[in-house]
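Below is the file final_13.tsv, which contains TSV, C-alpha atoms.
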```tsv
chain	number	residue	atom	x	y	z
D	1	MET	CA	0.00	0.00	0.00
D	2	LYS	CA	2.99	2.33	-0.18
D	3	LYS	CA	1.83	3.54	-3.60
D	4	ILE	CA	-1.04	5.55	-2.09
D	5	SER	CA	1.29	7.89	-0.24
D	6	TRP	CA	-0.27	11.21	-1.25
D	7	ILE	CA	-3.83	10.02	-0.55
D	8	ALA	CA	-2.67	8.62	2.79
D	9	GLY	CA	-1.11	11.99	3.50
D	10	LEU	CA	-4.42	13.70	2.72
D	11	LEU	CA	-6.22	11.34	5.08
D	12	MET	CA	-3.68	11.98	7.83
D	13	LEU	CA	-3.97	15.72	7.29
D	14	ALA	CA	-7.75	15.49	7.64
D	15	VAL	CA	-7.35	13.47	10.85
D	16	PHE	CA	-4.90	15.72	12.63
D	17	SER	CA	-6.44	19.01	11.50
D	18	GLY	CA	-9.75	17.75	12.93
D	19	CYS	CA	-11.51	17.98	9.57
D	20	PHE	CA	-14.20	15.35	10.04
D	21	ASP	CA	-17.85	15.19	11.03
D	22	THR	CA	-18.31	14.37	14.71
D	23	VAL	CA	-21.23	12.96	16.69
D	24	ASP	CA	-21.22	12.74	20.49
D	25	GLU	CA	-24.06	10.55	21.72
D	26	TYR	CA	-24.97	10.11	25.40
D	27	THR	CA	-27.42	7.44	26.54
D	28	ILE	CA	-28.31	7.87	30.21
D	29	ALA	CA	-30.52	5.56	32.25
D	30	GLU	CA	-32.62	6.69	35.20
D	31	ASN	CA	-29.94	5.50	37.66
D	32	GLY	CA	-27.26	7.63	35.96
D	33	SER	CA	-25.44	4.81	34.17
D	34	GLY	CA	-25.11	4.70	30.42
D	35	THR	CA	-22.79	4.93	27.42
D	36	PHE	CA	-20.84	7.66	25.67
D	37	VAL	CA	-20.24	7.21	21.94
D	38	ASN	CA	-17.91	9.43	19.92
D	39	SER	CA	-18.10	8.95	16.16
D	40	LEU	CA	-15.75	10.40	13.54
D	41	ASP	CA	-16.84	10.41	9.89
D	42	MET	CA	-13.98	11.11	7.46
D	43	GLY	CA	-15.63	9.67	4.35
D	44	LYS	CA	-15.74	13.03	2.57
D	45	VAL	CA	-11.94	12.96	2.20
D	46	PHE	CA	-12.30	10.28	-0.49
D	47	GLY	CA	-14.47	12.58	-2.57
D	48	LEU	CA	-11.89	15.32	-2.15
D	49	ALA	CA	-9.12	12.94	-3.23
D	50	LYS	CA	-11.01	12.16	-6.42
D	51	THR	CA	-11.53	15.85	-7.25
D	52	MET	CA	-7.81	16.44	-6.70
D	53	GLY	CA	-6.88	13.82	-9.30
D	54	GLY	CA	-6.85	10.69	-7.17
D	55	GLY	CA	-8.86	8.57	-9.56
D	56	GLY	CA	-5.90	6.60	-10.94
D	57	ASP	CA	-3.97	3.62	-9.70
D	58	GLU	CA	-3.49	5.05	-6.20
D	59	MET	CA	-7.25	5.38	-5.68
D	60	LYS	CA	-7.84	1.90	-7.13
D	61	ASP	CA	-5.36	0.47	-4.61
D	62	LEU	CA	-7.15	2.27	-1.80
D	63	GLU	CA	-10.55	1.01	-2.96
D	64	LYS	CA	-9.33	-2.54	-2.38
D	65	LEU	CA	-9.49	-1.88	1.37
D	66	ASN	CA	-12.76	-3.00	2.89
D	67	ILE	CA	-12.58	-3.02	6.69
D	68	ASP	CA	-15.29	-3.50	9.32
D	69	THR	CA	-13.84	-4.46	12.69
D	70	LEU	CA	-14.31	-3.96	16.42
D	71	ILE	CA	-11.24	-3.44	18.62
D	72	ASN	CA	-10.90	-3.50	22.40
D	73	LEU	CA	-8.98	-0.36	23.34
D	74	LYS	CA	-7.13	-2.23	26.07
D	75	ASP	CA	-5.26	-3.93	23.21
D	76	LEU	CA	-4.02	-0.53	21.95
D	77	LYS	CA	-2.58	0.70	25.24
D	78	ASP	CA	0.96	0.89	23.81
D	79	SER	CA	-0.15	3.57	21.33
D	80	MET	CA	-1.70	5.77	24.07
D	81	THR	CA	1.59	7.43	24.98
D	82	LYS	CA	0.05	10.58	26.47
D	83	LEU	CA	-2.06	8.81	29.11
D	84	ASN	CA	-1.22	8.21	32.75
D	85	ASP	CA	-2.13	4.95	34.49
D	86	ALA	CA	-5.54	6.18	35.66
D	87	GLU	CA	-6.44	7.36	32.16
D	88	LYS	CA	-5.28	4.07	30.61
D	89	LYS	CA	-7.59	2.27	33.02
D	90	ILE	CA	-10.50	4.34	31.71
D	91	ALA	CA	-9.45	3.75	28.11
D	92	ALA	CA	-9.35	-0.02	28.67
D	93	THR	CA	-13.12	-0.05	29.24
D	94	GLY	CA	-13.85	1.16	25.71
D	95	THR	CA	-14.08	-0.21	22.21
D	96	LEU	CA	-13.26	1.18	18.76
D	97	LYS	CA	-15.22	0.23	15.63
D	98	VAL	CA	-13.41	0.93	12.34
D	99	LEU	CA	-15.33	1.00	9.07
D	100	MET	CA	-13.51	1.76	5.82
D	101	ASN	CA	-14.82	1.40	2.28
D	102	ALA	CA	-13.21	3.88	-0.11
D	103	LYS	CA	-15.39	2.82	-3.02
D	104	ASP	CA	-18.53	3.86	-1.09
D	105	GLU	CA	-16.65	6.81	0.47
D	106	LYS	CA	-17.04	5.47	4.00
D	107	PHE	CA	-14.38	5.96	6.65
D	108	ASN	CA	-15.61	5.94	10.26
D	109	PHE	CA	-14.11	5.56	13.71
D	110	THR	CA	-16.58	4.95	16.55
D	111	PHE	CA	-15.43	4.98	20.19
D	112	THR	CA	-17.81	3.57	22.83
D	113	PHE	CA	-17.40	3.83	26.61
D	114	PRO	CA	-19.74	2.67	29.40
D	115	PHE	CA	-20.13	4.65	32.62
D	116	SER	CA	-21.81	3.88	35.94
D	117	ASN	CA	-22.77	7.50	36.69
D	118	THR	CA	-22.66	10.80	34.82
D	119	SER	CA	-19.69	12.10	36.83
D	120	GLU	CA	-17.53	9.68	34.81
D	121	ILE	CA	-18.31	11.37	31.48
D	122	ALA	CA	-15.88	14.27	31.93
D	123	PRO	CA	-12.88	11.98	32.74
D	124	ILE	CA	-13.73	9.85	29.67
D	125	GLN	CA	-13.78	12.92	27.44
D	126	SER	CA	-10.57	14.26	28.96
D	127	MET	CA	-8.86	10.94	28.27
D	128	MET	CA	-10.22	10.90	24.71
D	129	LYS	CA	-8.77	14.33	23.94
D	130	LYS	CA	-5.31	13.03	24.77
D	131	ALA	CA	-5.51	9.54	23.29
D	132	LYS	CA	-7.69	9.84	20.19
D	133	GLY	CA	-4.95	11.26	17.97
D	134	ASP	CA	-2.49	8.49	18.87
D	135	VAL	CA	-5.09	5.73	18.47
D	136	VAL	CA	-6.46	6.95	15.14
D	137	GLY	CA	-2.96	7.74	13.84
D	138	ASP	CA	-1.78	4.25	14.78
D	139	MET	CA	-4.78	2.68	13.06
D	140	MET	CA	-4.23	4.81	9.94
D	141	THR	CA	-0.62	3.62	9.73
D	142	LYS	CA	-1.71	0.00	10.00
D	143	LEU	CA	-4.49	0.43	7.43
D	144	LEU	CA	-2.61	2.46	4.84
D	145	GLY	CA	0.87	1.02	5.19
D	146	GLU	CA	4.06	2.19	6.84
D	147	GLY	CA	6.89	4.08	5.22
D	148	ASN	CA	4.74	6.77	3.59
D	149	GLY	CA	7.26	9.58	3.71
D	150	LYS	CA	4.81	12.00	2.13
D	151	ASN	CA	2.54	11.61	5.15
D	152	GLU	CA	5.23	13.22	7.26
D	153	ASP	CA	5.82	15.89	4.62
D	154	MET	CA	2.16	16.93	4.62
D	155	LEU	CA	2.02	16.89	8.41
D	156	GLY	CA	5.46	18.42	8.88
D	157	GLY	CA	5.49	21.36	11.24
D	158	MET	CA	1.87	20.89	12.35
D	159	GLU	CA	2.84	20.13	15.94
D	160	GLU	CA	5.27	23.04	16.00
D	161	SER	CA	2.77	25.49	14.58
D	162	ASP	CA	0.15	24.40	17.09
D	163	GLY	CA	2.43	24.82	20.08
D	164	GLN	CA	1.76	22.41	22.91
D	165	GLN	CA	-1.44	21.04	21.46
D	166	ASP	CA	-1.74	17.41	22.53
D	167	GLU	CA	-5.19	16.66	21.19
D	168	MET	CA	-6.20	15.63	17.70
D	169	GLY	CA	-7.29	18.67	15.72
D	170	ALA	CA	-9.14	21.67	17.06
D	171	ASN	CA	-10.46	21.28	20.59
D	172	LEU	CA	-13.76	23.15	20.56
D	173	ASP	CA	-14.57	21.86	24.06
D	174	LEU	CA	-12.01	24.34	25.39
D	175	TYR	CA	-14.51	27.08	24.67
D	176	TYR	CA	-17.28	25.54	26.74
D	177	THR	CA	-17.90	24.70	30.38
D	178	SER	CA	-19.70	21.38	30.64
D	179	VAL	CA	-21.43	19.92	33.70
D	180	TYR	CA	-22.51	16.27	33.91
D	181	GLU	CA	-24.18	15.35	37.18
D	182	LYS	CA	-27.39	13.87	38.51
D	183	GLY	CA	-30.30	15.99	37.37
D	184	LYS	CA	-28.13	18.44	35.41
D	185	PHE	CA	-26.56	18.27	31.97
D	186	SER	CA	-25.34	21.64	30.70
D	187	ARG	CA	-22.84	23.20	28.30
D	188	LYS	CA	-22.17	26.94	28.28
D	189	LEU	CA	-19.85	29.16	26.29
D	190	ASN	CA	-16.70	30.24	28.17
D	191	LYS	CA	-16.66	33.88	27.09
D	192	GLU	CA	-13.19	34.53	28.51
D	193	LYS	CA	-11.58	31.84	26.34
D	194	TYR	CA	-13.75	32.67	23.36
D	195	ALA	CA	-12.40	36.22	23.42
D	196	ASN	CA	-9.06	34.82	22.17
D	197	VAL	CA	-10.52	32.47	19.56
D	198	SER	CA	-8.76	34.36	16.73
D	199	ASP	CA	-5.41	33.09	18.09
D	200	ASP	CA	-6.41	29.40	17.80
D	201	LYS	CA	-4.23	27.99	15.00
D	202	ALA	CA	-6.07	24.67	15.00
D	203	LEU	CA	-9.36	26.42	14.24
D	204	LYS	CA	-7.59	28.40	11.55
D	205	SER	CA	-6.58	25.13	9.89
D	206	LEU	CA	-10.23	24.02	9.97
D	207	ARG	CA	-11.27	27.20	8.17
D	208	GLU	CA	-8.60	26.58	5.53
D	209	MET	CA	-9.79	22.99	5.04
D	210	ALA	CA	-13.39	24.27	4.77
D	211	GLN	CA	-12.29	26.46	1.87
D	212	MET	CA	-11.11	23.26	0.16
D	213	GLY	CA	-14.61	21.82	0.47
D	214	MET	CA	-14.06	19.94	3.74
D	215	SER	CA	-16.22	21.85	6.19
D	216	ILE	CA	-17.21	19.93	9.34
D	217	ASN	CA	-20.43	19.20	11.19
D	218	MET	CA	-20.69	18.54	14.92
D	219	LYS	CA	-23.74	16.96	16.49
D	220	THR	CA	-24.67	16.13	20.09
D	221	ILE	CA	-27.37	13.55	20.83
D	222	ILE	CA	-28.71	12.97	24.37
D	223	ASN	CA	-30.91	9.95	25.04
D	224	LEU	CA	-32.59	10.05	28.45
```
Could you show the structure in this file as structure tokens?
Amino acid sequence: MKKISWIAGLLMLAVFSGCFDTVDEYTIAENGSGTFVNSLDMGKVFGLAKTMGGGGDEMKDLEKLNIDTLINLKDLKDSMTKLNDAEKKIAATGTLKVLMNAKDEKFNFTFTFPFSNTSEIAPIQSMMKKAKGDVVGDMMTKLLGEGNGKNEDMLGGMEESDGQQDEMGANLDLYYTSVYEKGKFSRKLNKEKYANVSDDKALKSLREMAQMGMSINMKTIINL
């Protein structure tokens, strides 16, 4: 799969710039237990690849990949280099479903975590912000093949330009204060942080990707 280097680079760029549709779904029972599901849809990047001239042999090689698998995150602990022991323990409770079908322009990552009460949601999300980039990046390398030098070229300097950013792509949650507790589920704009939104380089990269036809959608679903 080394022949698809530039398309792989485009996929990696979409991943680490945060240019993908996101759905956060919470299902909460009366006793406060439930599940948190975070879904990433990057299928639109295949359409972009085709418009950029990726309809030749490289795209044909990519279309041979047809993956639908469920992974226990405890088996990926070695790739979660940014997590401490407590966070790795949380991560080990989750699963990752990977669906990839380039021909049908499908490329989805779905993380699922159970919780016994709503106070556990915030720690799960905090862990996800740190680990998601490493996990998805590791999976991308395995799916698309190692040794793609152009991947590094396209991503070169991204970490430097984004300073100490540890999370994958733009972290919009930084601009909100969220509360998950019994009888209360709220999310409010943090006006103090939002005042400096123009300095957020990760958000700037999202705007640039949107100009290329890769705007993003974010959806929150709450099942009570």
Hey, can you check how far atom CA of Asp75 of chain D sits from atom CA of Ile121 of chain D?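 Between atom CA of Asp75 of chain D and atom CA of Ile121 of chain D the gap is 21.7 Å.
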Excluding same-chain residues fewer than 5 positions from Ile67 of chain D, what lies within 9 Å of it counting only C-alpha atoms, as a PDB file with C-alpha atoms, in the coordinates of the input?
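After the write, result09.pdb holds the following:
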```pdb
ATOM      1  CA  VAL D  98     -13.410   0.930  12.340  1.00  0.00           C
ATOM      2  CA  LEU D  99     -15.330   1.000   9.070  1.00  0.00           C
ATOM      3  CA  MET D 100     -13.510   1.760   5.820  1.00  0.00           C
ATOM      4  CA  ASN D 101     -14.820   1.400   2.280  1.00  0.00           C
ATOM      5  CA  LEU D 143      -4.490   0.430   7.430  1.00  0.00           C
TER       6      LEU D 143
END
```
In file coordinates, which residues lie within 10 Å of (-20.4, 9.5, 6.8) using all atoms listed in the file, given as a list in words?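 Neighbouring residues, ordered by chain and number, come to Phe20, Asp21, Thr22, Ser39, Leu40, Asp41, Met42, Gly43, Lys44, Asp104, Glu105, Lys106, Phe107 and Asn108 of chain D.
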Can you measure atom CA of Met140 of chain D to atom CA of Ala202 of chain D for me? One decimal in Å is fine.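 These atoms are spaced 20.6 Å apart.
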Between atom CA of Leu189 of chain D and atom CA of Gly34 of chain D, measure the distance and give it in Å to one decimal.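 Here the two named atoms are 25.4 Å from each other.
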Compare D:Val37, D:Leu65, D:Val23, D:Ala102 by their minimum atom-to-atom distance to Ile216 of chain D, counting all atoms listed in the file, and give me the closest one. D:Val23
